[in-house]
Structure formats: structure tokens, C-alpha cells
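**Student:** One structure coming up, written as C-alpha cells, with questions to follow.
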Number of protein chains: 2
Amino acid sequence: MTIEEVIKSSIPLKPHTRTTLNIMYSSRLVEEKISDLLKPYNISMQQYNVLRILRGQKGTPANLSTIQERMINKMSNTTRLVDKLIEKKFAERTICESNRRKVEIVITQNGLNLLSEIDPLMTKCNEDILNLFSLQELNTLNQLLDKLK
Amino acid sequence: MTIEEVIKSSIPLKPHTRTTLNIMYSSRLVEEKISDLLKPYNISMQQYNVLRILRGQKGTPANLSTIQERMINKMSNTTRLVDKLIEKKFAERTICESNRRKVEIVITQNGLNLLSEIDPLMTKCNEDILNLFSLQELNTLNQLLDKLK
DNA sequence: ATTTAACATTTGTATATACAACTTTTTAAT
DNA sequence: ATTAAAAAGTTGTATATACAAATGTTAAAT
């Protein structure tokens with residue numbers, strides 16, 4: 001299915017426009033599947049993303065700027081996002097003693113357990129989304145997208 | 001630049017995961033550029049998207065479900081999105097006489113003028129985003145993304 | 001003819017996001 | 001030592017989005 005068919009455009013799009021639209025539309029498809037997967041766990045994609053970053057720290061606390069810099073969606077309000085995770089007992093926050101402007105955020109065991117539960121489902125979800133693609137094609141797609149950055 | 005570098009992942013991602021992340025991250029990059037372009041005109045990407053759909057109707061009024069079905073982001077509240085466009089005098093809404101459940105939305109001359117002004121900038125924006133890509137590469141990328149749908 | 005169901009949109013509510021202004025703490029400059 | 005500037009977060013406000021319930025209208029069923 002082409003992007004023109006998706007948006008029911010009667011006239012063909014210019015190549016560059018078609019591509020940017022296609023990237024955005026594809027992203028929506030992916031996000032929808034991932035959101036659906038996370039819905040039963042009552043966390044948003046952003047919150048999941050932060051939990052993954054915290055786990056990636058392997059015990060080292062992360063401060064807000066670190067989280068922000070590693071997120072896929074650089075969002076403007078990481079404070080309140082982390083608030084939600086703390087409310088749900090998936091993370092904890094303390095003030096950094098060496099620099100009291102900073103906060104230190106760590107994932108809790110509870111948060112780690114949640115991620116462990118989601119891990120295999122997320123892997124499968126990603127595979128399902130891309131089930132029509134060969135490894136070769138995934139590679140090509142990745143290389144092309146990398147050129148954007 | 002690879003997606004692993006972007007998110008500062010110490011371990012390599014699985015091919016499928018890398019690809020879905022890459023699609024989402026690429027979309028953010030595109031959206032950021034387009035939002036920046038629209039900012040001076042004080043309309044959001046969604047609002048712009050609706051205006052484009054209305055113009056595409058070439059005079060035929062669109063009802064809400066038509067708009068919703070053609071949007072890139074299927075958003076849940078098209079009513080209030082259209083409200084914003086009406087507030088700004090870029091669109092008008094009337095009740096459909098043959099079926100009073102429906103509304104008929106048309107773009108105003110004011111809205112058409114706005115789009116005409118933005119058109120060349122948007123074309124250039126899309127070209128700039130993808131300036132590193134050959135037409136051949138754009139084609140390949142489009143074909144691959146089309147497989148998602 | 002009356003009730004039921006389906007349709008198209010609107011409204012309410014909760015949450016998310018963007019952007020700017022504001023604290024608090026630390027570093028640098030005089 | 002005092003003031004100014006920078007850094008790191010937080011809070012306020014406006015807008016956006018998601019989801020469910022409500023409204024009004026039309027079509028279908030009995």
C-alpha cells in the first residue's frame with residue numbers, strides 16, 4: 001500500500017514529500033502497536049522509555065538531564081514523567097549529595113520486574129511489526145534512516 | 001550516526017527493535033523540522049494537515065469522518081481541532097442539510113492564502129530534510145516503508 | 001407508529017506535552 | 001566576600017490528545 005492510498009491523495013506526491021509523510025505515518029503504525037502492548041500495564045510509551053533508560057544504568061543513578069538526552073522523544077517535562085513512575089513505585093528519586101541541584105533517579109525492583117515481564121512481549125511486538133522484512137531489508141532500512149541524522 | 005549512538009545504548013539492539021526505534025526517532029526529526037516551519041504561522045502540524053485535506057477537496061465540503069480518515073495521525077478529537085481552524089478563520093462549518101448528523105467543513109480563502117504562502121517553504125523543508133538522499137534511495141526507502149502497511 | 005439500533009459529532013474528564021517563568025544551588029568574575 | 005552568571009530542576013499555564021459517555025439524527029425492525 002502506498003502513502004498516497006493511505007491519505008487518499010488524488011495527485012502523486014513529490015518524492016521528498018512522500019518520504020517524509022511515509023516516515024511519519026510509519027512511526028504512527030509502530031507507536032500504535034507498542035502503545036497497545038503497554039496499555040494493560042498502565043504505562044505510556046514515554047514512561048516505558050524512561051524505565052528502559054534507568055535499567056540501562058545498571059544501578060548507577062540517572063539524573064534528569066541524562067534521561068532527557070537519551071529519550072527518543074525529547075520531551076520538555078521529564079520531571080512530571082518521572083513523578084508518574086515514582087507514584088507507581090517503579091522508580092525512586094533522591095537529591096544528589098555532591099551537587100544538590102541534581103536529582104538521582106533509580107529504577108526499583110518493582111520496575112525491574114515490570115520490564116522483565118514486558119521484555120519478551122516487546123521483542124515479539126517488534127518482530128510482528130516487521131514480519132514481512134528480511135534481515136537484509138531491515139539492514140537497508142536502518143542504513144537509509146541513519147542518513148537522516 | 002546509528003540509533004544506538006543516539007540513545008547511547010551500550011549493547012547492540014536486535015535488528016527488529018533497532019528498526020522500530022529508528023522509524024520512531026526519524027519521525028521525530030521530521031516532525032521537529034516541520035513544526036518549526038509552521039510555528040511562525042501559529043498552526044500545529046495537525047491543523048496544517050487538516051487544512052491540506054480541506055484544500056484537497058477542491059470545494060467539496062468535508063465532514064469530520066472524512067477528515068479523520070485521511071489524517072496522518074488519526075486523532076480522537078477532530079471536532080476541537082477544526083474549532084481552532086474556525087477560530088482563526090481558516091475554515092467554516094455548516095450543518096449538512098441532507099443529513100443533519102453530519103457537518104460540512106470547507107477551507108476559507110484566508111486558509112487557501114495561508115497554504116499558498118507555506119507551500120514553497122514546505123517543499124523546501126522536505127527537500128532539506130532529505131538532502132542527503134538520491135532519488136533512488138528515496139524510492140527504496142518508500143518501498144520498504146510501504147511494506148509496513 | 002414505536003422502539004431499537006446505528007451513525008456522526010460533541011462534550012467531559014484525565015493525562016500528556018510545550019513553553020516560559022521561577023527556585024535553588026553552584027561556579028565564575030570582580 | 002559579593003555579585004553575577006550558569007546549571008539543574010520544578011512549577012504554572014495553555015494547549016493537545018485519548019478515551020468514554022452523551023447528544024441529536026437517521027435508519028431498521030417489529
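For the C-alpha cells, the naming scheme is as follows: chains receive sequential letters (A, B, ...) according to their order of presentation, residues are indexed from 1 within each chain, and ligands are indexed from 1 in presentation order.
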Chain A residues within 12 Å of chain D, counting only C-alpha atoms (C1' of nucleotides): which ones, as a list in words?
**Tutor:** Ser35, Lys39, Ser44, Asn63, Leu64, Ser65, Thr66, Ser76, Asn77, Thr78, Thr79, Arg80, Val82, Asp83, Ile95, Cys96, Asn99, Arg100, Arg101, Lys102, Val103 and Glu104 of chain A
**Student:** Select, as a short mmCIF file (atom, residue, chain, number, x, y, z; two decimals) with C-alpha atoms, in the first residue's frame, those residues of chain B with any atom no more than 8 Å from chain A (distances computed using only C-alpha atoms).
**Tutor:**
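The new file out-v6.cif reads:
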data_model
loop_
_atom_site.label_atom_id
_atom_site.label_comp_id
_atom_site.auth_asym_id
_atom_site.auth_seq_id
_atom_site.Cartn_x
_atom_site.Cartn_y
_atom_site.Cartn_z
CA MET B 1 25.01 8.04 13.07
CA THR B 2 23.34 4.88 14.29
CA ILE B 3 20.31 4.70 16.54
CA VAL B 6 21.56 8.35 19.53
CA ILE B 7 20.14 6.58 22.55
CA LYS B 8 23.60 5.79 23.91
CA SER B 9 22.93 2.09 24.17
CA PRO B 15 17.52 -5.87 14.22
CA HIS B 16 13.74 -5.54 14.58
CA THR B 17 13.98 -3.38 17.67
CA ARG B 18 16.60 -1.22 16.08
CA THR B 19 14.35 -0.66 13.10
CA THR B 20 11.22 0.29 15.02
CA LEU B 21 13.23 2.67 17.19
CA ASN B 22 14.83 4.11 14.11
CA ILE B 23 11.47 4.70 12.48
CA MET B 24 10.14 6.49 15.56
CA TYR B 25 13.25 8.54 16.03
CA SER B 26 13.36 9.53 12.37
CA SER B 27 9.77 10.62 12.57
CA ARG B 28 10.60 12.91 15.49
CA VAL B 30 11.00 15.17 10.57
CA GLU B 31 8.22 16.44 12.84
CA GLY B 56 -7.68 18.66 -1.48
CA GLU B 69 -9.87 9.01 7.90
CA ARG B 70 -7.35 10.96 5.83
CA MET B 71 -5.20 12.30 8.61
CA ILE B 72 -1.72 11.00 9.22
CA ASN B 73 -2.34 10.98 12.95
CA THR B 123 8.51 21.72 -0.29
CA ASN B 126 11.04 18.30 2.87
CA GLU B 127 13.90 18.55 0.41
CA ILE B 129 15.40 17.05 5.47
CA LEU B 130 16.25 14.51 2.80
CA LEU B 132 21.49 13.52 1.53
CA PHE B 133 19.26 11.10 -0.35
CA LEU B 135 16.04 9.75 -5.83
CA GLU B 137 17.39 5.99 -2.22
CA LEU B 138 14.12 7.79 -1.63
CA ASN B 139 12.44 5.20 -3.77
CA LEU B 141 13.06 3.87 1.43
CA ASN B 142 9.47 4.43 0.34
CA LEU B 144 10.42 -0.51 2.30
CA LEU B 145 8.17 1.64 4.46
CA ASP B 146 5.21 0.73 2.28
CA LYS B 147 5.70 -2.87 3.38
CA LEU B 148 4.64 -1.89 6.89
CA LYS B 149 1.10 -1.13 5.80
#
**Student:** Apply DSSP to the structure's backbone, then extract all residues of chain A labelled alpha helix (DSSP H) and return them as a ChimeraX atom specification.
**Tutor:** /A:3-7,15-38,45-56,64-70,78-87,109-129,135-146
**Student:** Choose the residue, out of B:Gln68, B:Thr60, B:Ser98, B:Asn49, that has the smallest atom-to-atom separation from Leu115 in chain B; count only C-alpha atoms.
**Tutor:**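 Answer, going by the shortest atom-to-atom distance: B:Asn49.
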**Student:** I'd like to know which of A:Glu92, A:Asp36, A:Glu4, A:Glu97 is closest to chain C, using only C-alpha atoms (C1' of nucleotides).
**Tutor:**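 For chain C, the nearest of the given residues is A:Glu97.
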**Student:** From a backbone DSSP assignment, name each residue in range 34-143 of chain B labelled strand (DSSP E), as a ChimeraX atom specification.
**Tutor:** /B:91-95,103-107
**Student:** If the cut-off is 10 Å, can you tell me the residues of chain C near chain A, counting only C-alpha atoms (C1' of nucleotides)? I'd like them as a PDB file with C-alpha atoms (C1' of nucleotides), in the first residue's frame.
**Tutor:**
ATOM      1  C1'  DA C  16       0.292  14.442  28.234  1.00  0.00           C
ATOM      2  C1'  DT C  17       3.086  17.879  26.163  1.00  0.00           C
ATOM      3  C1'  DA C  18       5.187  22.507  25.064  1.00  0.00           C
ATOM      4  C1'  DC C  19       6.982  26.636  26.537  1.00  0.00           C
ATOM      5  C1'  DT C  24      17.686  26.686  44.344  1.00  0.00           C
ATOM      6  C1'  DT C  25      22.406  25.647  44.099  1.00  0.00           C
ATOM      7  C1'  DT C  26      26.929  26.034  42.235  1.00  0.00           C
TER       8       DT C  26
END
**Student:** Between A:Gly111, A:Pro12, A:Val106, A:Pro61, single out the one closest to Lys89 in chain A, counting only C-alpha atoms.
**Tutor:**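 Between A:Gly111, A:Pro12, A:Val106, A:Pro61, the residue approaching Lys89 in chain A most closely is A:Gly111.
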**Student:** Report, in Å to a single decimal, how far apart CA of Glu117 in chain B and CA of Leu54 in chain B are.
**Tutor:**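 Taking CA of Leu54 in chain B and CA of Glu117 in chain B, their separation equals 16.0 Å.
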